[in-house]
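Asker: What follows is the file data12.txt, containing compact mmCIF, C-alpha atoms:
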# COMPACT_ATOMS: atom_id res chain seq x y z
CA MET K 1 0.00 0.00 0.00
CA PRO K 2 1.49 3.36 -0.96
CA ASP K 3 2.65 5.48 1.95
CA ALA K 4 0.05 8.21 1.34
CA VAL K 5 -2.83 5.77 1.44
CA GLN K 6 -1.41 4.12 4.51
CA ASP K 7 -1.00 7.43 6.30
CA PHE K 8 -4.52 8.50 5.32
CA SER K 9 -6.05 5.24 6.44
CA ALA K 10 -4.35 5.35 9.78
CA VAL K 11 -5.66 8.84 10.51
CA ALA K 12 -9.01 8.94 8.73
CA LEU K 13 -10.51 5.48 8.98
CA PRO K 14 -11.00 5.59 12.76
CA HIS K 15 -13.61 8.28 12.03
CA LEU K 16 -15.66 6.14 9.67
CA ASP K 17 -18.46 5.53 12.20
CA ALA K 18 -18.95 9.24 12.71
CA VAL K 19 -18.97 9.92 8.98
CA ALA K 20 -21.46 7.08 8.44
CA ARG K 21 -23.83 8.63 10.99
CA VAL K 22 -23.58 11.99 9.24
CA ALA K 23 -24.28 10.31 5.90
CA ARG K 24 -27.35 8.52 7.25
CA ALA K 25 -28.69 11.74 8.72
CA LEU K 26 -28.28 13.48 5.38
CA THR K 27 -29.56 10.78 3.07
CA ARG K 28 -32.13 9.03 5.33
CA ASP K 29 -31.40 5.91 3.32
CA ALA K 30 -28.91 3.24 4.37
CA ALA K 31 -27.81 2.31 0.85
CA ASP K 32 -27.35 5.91 -0.24
CA ALA K 33 -25.51 6.62 3.00
CA ASP K 34 -23.02 3.85 2.35
CA ASP K 35 -22.34 5.18 -1.12
CA LEU K 36 -21.85 8.63 0.31
CA VAL K 37 -19.41 7.40 2.94
CA GLN K 38 -17.31 5.72 0.28
CA GLU K 39 -17.33 8.79 -1.87
CA THR K 40 -16.38 10.89 1.14
CA PHE K 41 -13.30 8.90 1.92
CA LEU K 42 -12.20 8.75 -1.71
CA ARG K 43 -12.53 12.51 -1.97
CA ALA K 44 -10.67 12.93 1.29
CA LEU K 45 -7.83 10.77 0.05
CA ARG K 46 -7.53 12.79 -3.13
CA HIS K 47 -7.24 15.92 -1.02
CA TRP K 48 -5.16 14.42 1.75
CA ASN K 49 -2.34 16.82 0.99
CA THR K 50 -4.61 19.69 2.07
CA PHE K 51 -5.29 18.24 5.51
CA VAL K 52 -3.36 19.97 8.28
CA PRO K 53 -1.77 17.30 10.49
CA GLY K 54 -3.09 17.46 14.02
CA SER K 55 -6.29 19.34 13.09
CA ASP K 56 -9.77 17.90 13.59
CA CYS K 57 -9.94 15.09 11.05
CA LYS K 58 -13.44 14.00 12.02
CA ARG K 59 -14.83 17.47 11.33
CA TRP K 60 -12.84 17.68 8.11
CA LEU K 61 -14.29 14.40 6.89
CA ALA K 62 -17.83 15.33 7.94
CA THR K 63 -17.57 18.54 5.94
CA ILE K 64 -16.42 16.61 2.90
CA CYS K 65 -19.38 14.28 3.41
CA ARG K 66 -21.86 17.13 3.56
CA ASN K 67 -20.39 18.84 0.50
CA ALA K 68 -20.49 15.59 -1.44
CA PHE K 69 -24.10 15.10 -0.46
CA LEU K 70 -25.00 18.61 -1.63
CA ALA K 71 -23.11 18.15 -4.89
CA ASN K 72 -24.90 14.87 -5.57
CA LYS K 73 -28.25 16.34 -4.70
CA ALA K 74 -27.74 19.16 -7.16
CA ARG K 75 -26.82 16.68 -9.89
CA SER K 76 -29.62 14.29 -9.11
CA GLU K 77 -32.35 13.89 -11.71
CA VAL K 78 -34.84 12.70 -9.17
CA VAL K 79 -37.14 15.16 -7.47
CA ILE K 80 -36.59 14.01 -3.90
CA ALA K 81 -39.59 15.05 -1.88
CA SER K 82 -38.81 16.36 1.59
CA GLU K 83 -40.62 14.87 4.51
CA ASP K 84 -43.03 17.81 4.42
CA GLU K 85 -43.62 17.47 0.70
CA THR K 86 -44.36 13.78 1.02
CA LEU K 87 -46.75 14.35 3.89
CA GLU K 88 -48.61 16.96 1.90
CA ILE K 89 -48.91 14.68 -1.11
CA LEU K 90 -50.22 11.88 1.10
CA GLY K 91 -52.61 14.35 2.69
CA ALA K 92 -54.01 15.24 -0.71
CA VAL K 93 -54.52 11.55 -1.49
CA GLN K 94 -56.45 11.22 1.76
CA VAL K 95 -58.69 14.11 0.70
CA HIS K 96 -59.46 12.15 -2.44
CA ARG K 97 -60.29 9.06 -0.41
CA ASP K 98 -62.60 11.15 1.76
CA ALA K 99 -64.27 12.64 -1.30
CA ARG K 100 -64.73 9.21 -2.84
CA ALA K 101 -66.28 7.88 0.35
CA MET K 102 -68.84 10.67 0.12
CA GLY K 103 -69.63 10.10 -3.53
CA LEU K 104 -67.68 13.18 -4.57
CA ASP K 105 -65.01 11.56 -6.69
CA ASP K 106 -65.93 13.88 -9.53
CA LEU K 107 -66.13 16.92 -7.30
CA PHE K 108 -64.04 19.14 -9.55
CA ASP K 109 -65.79 18.06 -12.72
CA ARG K 110 -69.31 18.27 -11.38
CA LEU K 111 -69.40 21.57 -9.56
CA ASP K 112 -68.62 25.10 -10.67
CA LEU K 113 -66.09 25.87 -8.01
CA GLY K 114 -64.62 29.09 -9.39
CA PRO K 115 -66.01 31.37 -6.68
CA ALA K 116 -65.29 28.80 -3.97
CA ILE K 117 -61.71 28.39 -5.17
CA ARG K 118 -61.17 32.13 -5.17
CA ALA K 119 -62.62 32.41 -1.69
CA SER K 120 -60.48 29.51 -0.49
CA LEU K 121 -57.36 31.08 -1.93
CA GLU K 122 -58.06 34.19 0.08
CA ARG K 123 -58.24 32.12 3.22
CA LEU K 124 -54.78 30.67 2.71
CA GLU K 125 -51.79 32.15 4.49
CA PRO K 126 -49.94 34.44 2.07
CA ILE K 127 -46.85 32.24 1.89
CA PHE K 128 -49.01 29.41 0.55
CA ARG K 129 -51.36 31.53 -1.51
CA ASP K 130 -48.48 33.27 -3.30
CA VAL K 131 -46.85 30.06 -4.42
CA VAL K 132 -50.02 28.28 -5.56
CA THR K 133 -51.16 31.37 -7.40
CA LEU K 134 -47.83 31.85 -9.13
CA TYR K 135 -47.61 28.21 -10.09
CA ASP K 136 -51.12 26.95 -10.73
CA VAL K 137 -52.70 30.16 -11.92
CA GLU K 138 -49.83 32.14 -13.47
CA GLY K 139 -47.82 29.22 -14.78
CA PHE K 140 -44.40 30.07 -13.36
CA THR K 141 -42.06 27.16 -12.88
CA TYR K 142 -40.75 25.99 -9.52
CA GLU K 143 -37.38 27.53 -10.37
CA GLU K 144 -38.82 30.87 -11.40
CA ILE K 145 -40.83 31.08 -8.20
CA ALA K 146 -37.76 30.22 -6.12
CA GLU K 147 -35.86 33.03 -7.82
CA LEU K 148 -38.69 35.48 -7.62
CA LEU K 149 -39.48 34.86 -3.98
CA MET K 150 -35.83 34.20 -3.07
CA ILE K 151 -36.69 30.97 -1.35
CA PRO K 152 -35.23 27.52 -1.79
CA LEU K 153 -36.65 25.23 -4.43
CA GLY K 154 -37.68 22.72 -1.80
CA THR K 155 -39.60 25.43 0.03
CA VAL K 156 -41.47 26.24 -3.18
CA ARG K 157 -42.53 22.63 -3.56
CA SER K 158 -43.49 22.10 0.07
CA ARG K 159 -45.55 25.29 0.18
CA LEU K 160 -47.19 24.49 -3.15
CA TYR K 161 -48.16 20.98 -2.08
CA ARG K 162 -49.46 22.22 1.26
CA ALA K 163 -51.49 24.94 -0.43
CA ARG K 164 -53.04 22.40 -2.78
CA ARG K 165 -53.92 20.05 0.07
CA LEU K 166 -55.47 22.88 2.08
CA LEU K 167 -57.48 24.06 -0.93
CA GLN K 168 -58.76 20.56 -1.56
CA GLU K 169 -59.86 20.23 2.06
CA MET K 170 -61.65 23.58 1.95
CA LEU K 171 -63.38 22.73 -1.31
CA LEU K 172 -64.50 19.38 0.01
CA ALA K 173 -65.90 21.10 3.10
CA HIS K 174 -67.64 23.57 0.80
CA ALA K 175 -69.28 20.71 -1.12
CA ILE K 176 -70.43 19.11 2.12
CA ASP K 177 -71.85 22.41 3.38
CA ARG K 178 -73.80 22.80 0.14
CA GLY K 179 -75.35 19.36 0.66
CA PHE K 180 -73.58 17.56 -2.15
CA ALA K 181 -72.39 14.79 0.12
CA ALA K 182 -74.00 12.76 2.83
CA ALA K 183 -71.66 10.07 4.16
CA THR K 184 -69.03 10.76 6.76
CA PRO K 185 -65.55 9.66 5.64
CA THR K 186 -63.81 7.04 7.68
CA GLY K 187 -60.18 6.11 8.03
CA PRO K 188 -57.16 7.69 9.67
CA ARG K 189 -55.55 10.81 8.24
CA PRO K 190 -51.82 10.76 7.61
CA MET F 1 -30.74 2.79 -29.19
CA THR F 2 -31.69 0.11 -26.70
CA LEU F 3 -35.14 0.54 -25.23
CA VAL F 4 -35.28 -0.03 -21.50
CA SER F 5 -38.52 -0.96 -19.81
CA PRO F 6 -39.44 1.26 -16.88
CA VAL F 7 -38.76 -0.21 -13.47
CA PRO F 8 -42.07 -1.33 -11.89
CA LEU F 9 -43.13 1.03 -9.13
CA SER F 10 -45.24 0.38 -6.08
CA CYS F 11 -48.43 2.32 -5.41
CA ALA F 12 -46.68 4.09 -2.52
CA GLU F 13 -43.83 5.20 -4.77
CA VAL F 14 -46.24 6.47 -7.40
CA VAL F 15 -48.44 8.31 -4.94
CA ARG F 16 -45.41 10.04 -3.39
CA GLN F 17 -44.60 11.54 -6.79
CA LEU F 18 -48.12 12.52 -7.74
CA TRP F 19 -47.68 16.28 -7.68
CA PRO F 20 -44.22 16.35 -9.31
CA HIS F 21 -45.58 14.07 -12.03
CA LEU F 22 -48.61 16.27 -12.67
CA ASP F 23 -46.33 19.30 -12.69
CA GLY F 24 -44.12 17.73 -15.33
CA ALA F 25 -41.17 18.04 -12.96
CA LEU F 26 -39.91 14.49 -13.24
CA PRO F 27 -37.20 13.26 -15.62
CA GLU F 28 -38.37 10.99 -18.43
CA SER F 29 -36.93 7.93 -16.75
CA ALA F 30 -39.12 8.46 -13.67
CA ARG F 31 -42.12 9.57 -15.67
CA ALA F 32 -42.19 6.41 -17.75
CA GLY F 33 -42.43 4.23 -14.66
CA ILE F 34 -45.31 6.25 -13.28
CA VAL F 35 -47.19 6.28 -16.57
CA ALA F 36 -46.85 2.52 -16.81
CA HIS F 37 -48.15 2.09 -13.27
CA LEU F 38 -51.12 4.42 -13.83
CA GLU F 39 -52.09 2.46 -16.93
CA ALA F 40 -52.24 -0.71 -14.88
CA CYS F 41 -53.52 0.48 -11.51
CA ALA F 42 -57.10 1.76 -11.29
CA GLY F 43 -56.66 2.94 -7.71
CA CYS F 44 -53.68 5.16 -8.42
CA ARG F 45 -55.28 6.27 -11.66
CA SER F 46 -58.28 7.57 -9.71
CA HIS F 47 -55.95 9.56 -7.42
CA TYR F 48 -54.26 10.98 -10.50
CA ASP F 49 -57.56 11.91 -12.17
CA PHE F 50 -58.86 13.61 -9.01
CA ALA F 51 -55.66 15.63 -8.60
CA ALA F 52 -55.57 16.55 -12.29
CA ALA F 53 -59.20 17.73 -12.19
CA PHE F 54 -58.41 19.80 -9.10
CA LEU F 55 -55.46 21.49 -10.79
CA GLU F 56 -57.53 22.27 -13.85
CA ALA F 57 -60.23 23.80 -11.66
CA VAL F 58 -57.67 25.98 -9.88
CA ARG F 59 -56.03 27.04 -13.14
CA THR F 60 -59.29 28.24 -14.57
CA SER F 61 -60.61 29.79 -11.37
CA HIS F 62 -59.30 33.32 -11.67
CA ALA F 63 -61.97 35.95 -12.15
CA PRO F 64 -62.20 37.52 -15.57
CA ASP F 65 -60.37 40.84 -15.65
CA GLU F 66 -59.33 40.38 -12.05
CA PHE F 67 -56.99 43.37 -12.21
CA ALA F 68 -59.26 45.69 -14.12
CA SER F 69 -58.98 48.55 -11.65
CA LEU F 70 -55.25 48.21 -11.42
CA ARG F 71 -54.99 48.26 -15.20
CA VAL F 72 -56.88 51.47 -15.27
CA ARG F 73 -54.72 52.97 -12.56
CA VAL F 74 -51.49 52.08 -14.32
CA ALA F 75 -52.77 53.27 -17.67
CA THR F 76 -53.73 56.52 -16.04
CA ALA F 77 -50.32 56.90 -14.43
CA LEU F 78 -48.62 56.22 -17.74
CA ARG F 79 -50.69 58.79 -19.49
CA ALA F 80 -49.87 61.29 -16.79
CA GLU F 81 -46.21 60.49 -17.13
CA GLY F 82 -46.38 61.00 -20.84
Can the structure in the file be given as structure tokens, please?
Answerer:
Amino acid sequence: MPDAVQDFSAVALPHLDAVARVARALTRDAADADDLVQETFLRALRHWNTFVPGSDCKRWLATICRNAFLANKARSEVVIASEDETLEILGAVQVHRDARAMGLDDLFDRLDLGPAIRASLERLEPIFRDVVTLYDVEGFTYEEIAELLMIPLGTVRSRLYRARRLLQEMLLAHAIDRGFAAATPTGPRP
Amino acid sequence: MTLVSPVPLSCAEVVRQLWPHLDGALPESARAGIVAHLEACAGCRSHYDFAAAFLEAVRTSHAPDEFASLRVRVATALRAEG
């Protein structure tokens, strides 16, 4: 084993457990975390000449891990939903299940909901109303909204999905109030 | 070019990507798997149809000439400026 690799291994590998825990916290997926840990140590080896002997190697490695995670995330083609985004999507699916249980599966096709939608939009908190209006009404993209509102892309998505779920709930309640449904939905909400 | 069949997705995986799929925000590789699942799964298809109908209702919900008064105000200000 070349001297550089041997030196690196002796100093860096004892910190593998710590780096693995950082990777799992970032990725929330064991397989992805393992890949990230490997990439972290390979990157660290390539830059071993920049490490100051005697400085905090664990912190140095953890920083490399985080930066690698961010770099991979930016390159990723998959839209990874945050926990909030996923919950909001599941919430919207539950609204559909509720509507179906009440015979309102075709709620949005059957009723003229224009006025009710406008009224519901007004009831939303501005941070949610702004995003859903810009996206669903004005046709801006996620990226354009993020730039316009100077918020992260993930925040755009999570606010948009929450706004949609809230609107659906309000519109379903509106339909019930107007007497278009009779049954009470059953089943736990997410 | 070698055609690659989309990887079968579970209902949970499809449902979790419902909004990004409807927004056209997924790469083709992910979209193909979802489309294939929706063609085969009536349950997920109904979720998709409900969500799509909702989005269409929201998109067409804005009042006609919603900013009429503002348009007048701006036009007036521009005339005054000129």
Asker: Find the spatial neighbours of Arg164 of chain K, counting only C-alpha atoms, within a cut-off of 9 Å - ignore same-chain residues fewer than 3 positions away - and output them as an MDAnalysis selection string.
Answerer: (chainID K and resid 88:89 92 128 132 159:161 167:169) or (chainID F and resid 54:55)
Asker: Leaving out segment 108-123 of chain K and any residue of its chain fewer than 5 positions from it, which residues lie within 10 Å of it when counting only C-alpha atoms, given as number ranges by chain?
Answerer: K: 128-130, 132-133, 163-164, 166-172, 174-175, 180; F: 50-63
Asker: Could you give me, as a count of residues only, the residues within 10 Å of Tyr135 of chain K, counting all atoms listed in the file and dropping anything in the same chain fewer than 6 positions from it?
Answerer: 10
Asker: For atom CA of Ala101 of chain K and atom CA of Pro20 of chain F, determine how far apart the two atoms are, in Å to one decimal place.
Answerer: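 According to the coordinates, atom CA of Ala101 of chain K and atom CA of Pro20 of chain F are separated by 25.5 Å.
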Asker: Which residues come within 12 Å of Ser46 of chain F, counting all atoms listed in the file, excluding same-chain residues fewer than 5 positions away, as a list in words?
Answerer: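 Answer for this query is Val93, His96, Arg97, Ala99, Arg100, Asp105 and Asp106 of chain K; Cys11, Val15, Leu18, Leu38, Glu39, Ala40, Cys41, Ala51, Ala52 and Ala53 of chain F.
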Asker: To one decimal in Å, tell me the separation between atom CA of His47 of chain K and atom CA of Leu26 of chain K.
Answerer: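 Calculated distance between atom CA of His47 of chain K and atom CA of Leu26 of chain K is 22.1 Å.
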Asker: Could you tell me how far atom CA of His15 of chain K sits from atom CA of Val52 of chain K, in Å to one decimal place?
Answerer: 16.0 Å
Asker: Go through F:Ala68, F:Val35, F:His47, F:Val14 and flag the residue nearest chain K, using all atoms listed in the file for the distances.
Answerer: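 Distance minimum relative to chain K lands on F:His47.
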